[in-house]
Amino acid sequence: MRRLTTAILFTAAAAAACAPTPTGSATTGADRAPRACFATSQVRNFRAGDEEQTLYLRADRNGVFELKTVGWCRDLDWANALVITSEFGGGSRLCTGDPVLIAYAGGGAMPSGPCRARVTRQLTQAEVEALPGRSRP
C-alpha cells in the first residue's frame, strides 16, 4: 500500500511539472518590465518624506528611489546616517520590490533600527522636482 501511495504522489508531481503555463506568467517573467536597481554604495543622499515612514534615496546615475517602511520606524525623520542592506542577504544590489533593513543614527545618542522597509519605486525627474524641498534628497 505504501508503494502504491508513493507511486501515485510521484505521478501527480510529474504531471504537474509538465502542465503548460501561460506565456508571461510569474515563472517566465516575459511580460515584466525590468526592475530599477541601485547599489548601496551608490547612495549619495537621503531624506525622510512628508509621510513619516517614507524615505527617499539619491543613487548615482540611477536617480531617486522611494522606500516605505513596514511598520513604524522611530525618529526616521531625524536620521543623519544610515545603512541599508537586503533583508535576506545576497549582496548590495537592491531593486524595486526588494525588502530591506535600515539601521540609522540620528537625533538620539543610540542608533535606531534595524527597521524593515521595501524599495517601492524609482521616481521620475518630474516626481523628484515635485517633492517638497525638505523631502528632496
# chains A, B, ... in the order shown; residues from 1 in each chain; ligands from 1
>>> residues_around(residues="Arg47 of chain A", least_positions_apart="2", cutoff="8 Å", atoms="only C-alpha atoms", output="list of chain:residue names")
A:Asn45, A:Gly49, A:Leu55, A:Tyr56, A:Leu57, A:Asp77, A:Arg134, A:Ser135, A:Arg136, A:Pro137
>>> write_last_selection(atoms="C-alpha atoms", output="CSV table (one decimal), in the first residue's frame")
chain,number,residue,atom,x,y,z
A,45,ASN,CA,22.0,61.4,0.0
A,49,GLY,CA,9.4,62.3,3.2
A,55,LEU,CA,12.5,57.6,2.7
A,56,TYR,CA,13.9,59.0,-0.5
A,57,LEU,CA,17.4,57.9,-1.6
A,77,ASP,CA,13.0,62.0,10.0
A,134,ARG,CA,12.7,69.3,2.7
A,135,SER,CA,11.9,65.8,1.2
A,136,ARG,CA,14.1,66.0,-1.9
A,137,PRO,CA,17.5,64.2,-1.5
>>> atom_distance(atom1="atom CA of Ser86 of chain A", atom2="atom CA of Gly133 of chain A")
28.3 Å
>>> select_by_dssp(residues="segment 43-136 of chain A", states="strand (DSSP E)", output="number ranges by chain")
A: 43-48, 54-59, 63-69, 81-86, 93-95, 99-105, 112-122
>>> residues_around(residues="Asp75 of chain A", least_positions_apart="2", cutoff="8 Å", atoms="only C-alpha atoms", output="ChimeraX atom specification")
/A:73,77-79,106-107
>>> closest_residue(among="A:Ala126, A:Gly90, A:Thr54, A:Thr96", to="Trp72 of chain A", atoms="only C-alpha atoms")
A:Thr54
>>> closest_residue(among="A:Ile102, A:Gln53, A:Ala81, A:Ala130", to="Cys115 of chain A", atoms="only C-alpha atoms")
A:Ile102
>>> residues_around(residues="segment 97-99 of chain A", least_positions_apart="3", cutoff="6 Å", atoms="only C-alpha atoms", output="list in words")
Glu87, Ala117, Arg118, Val119 and Thr120 of chain A
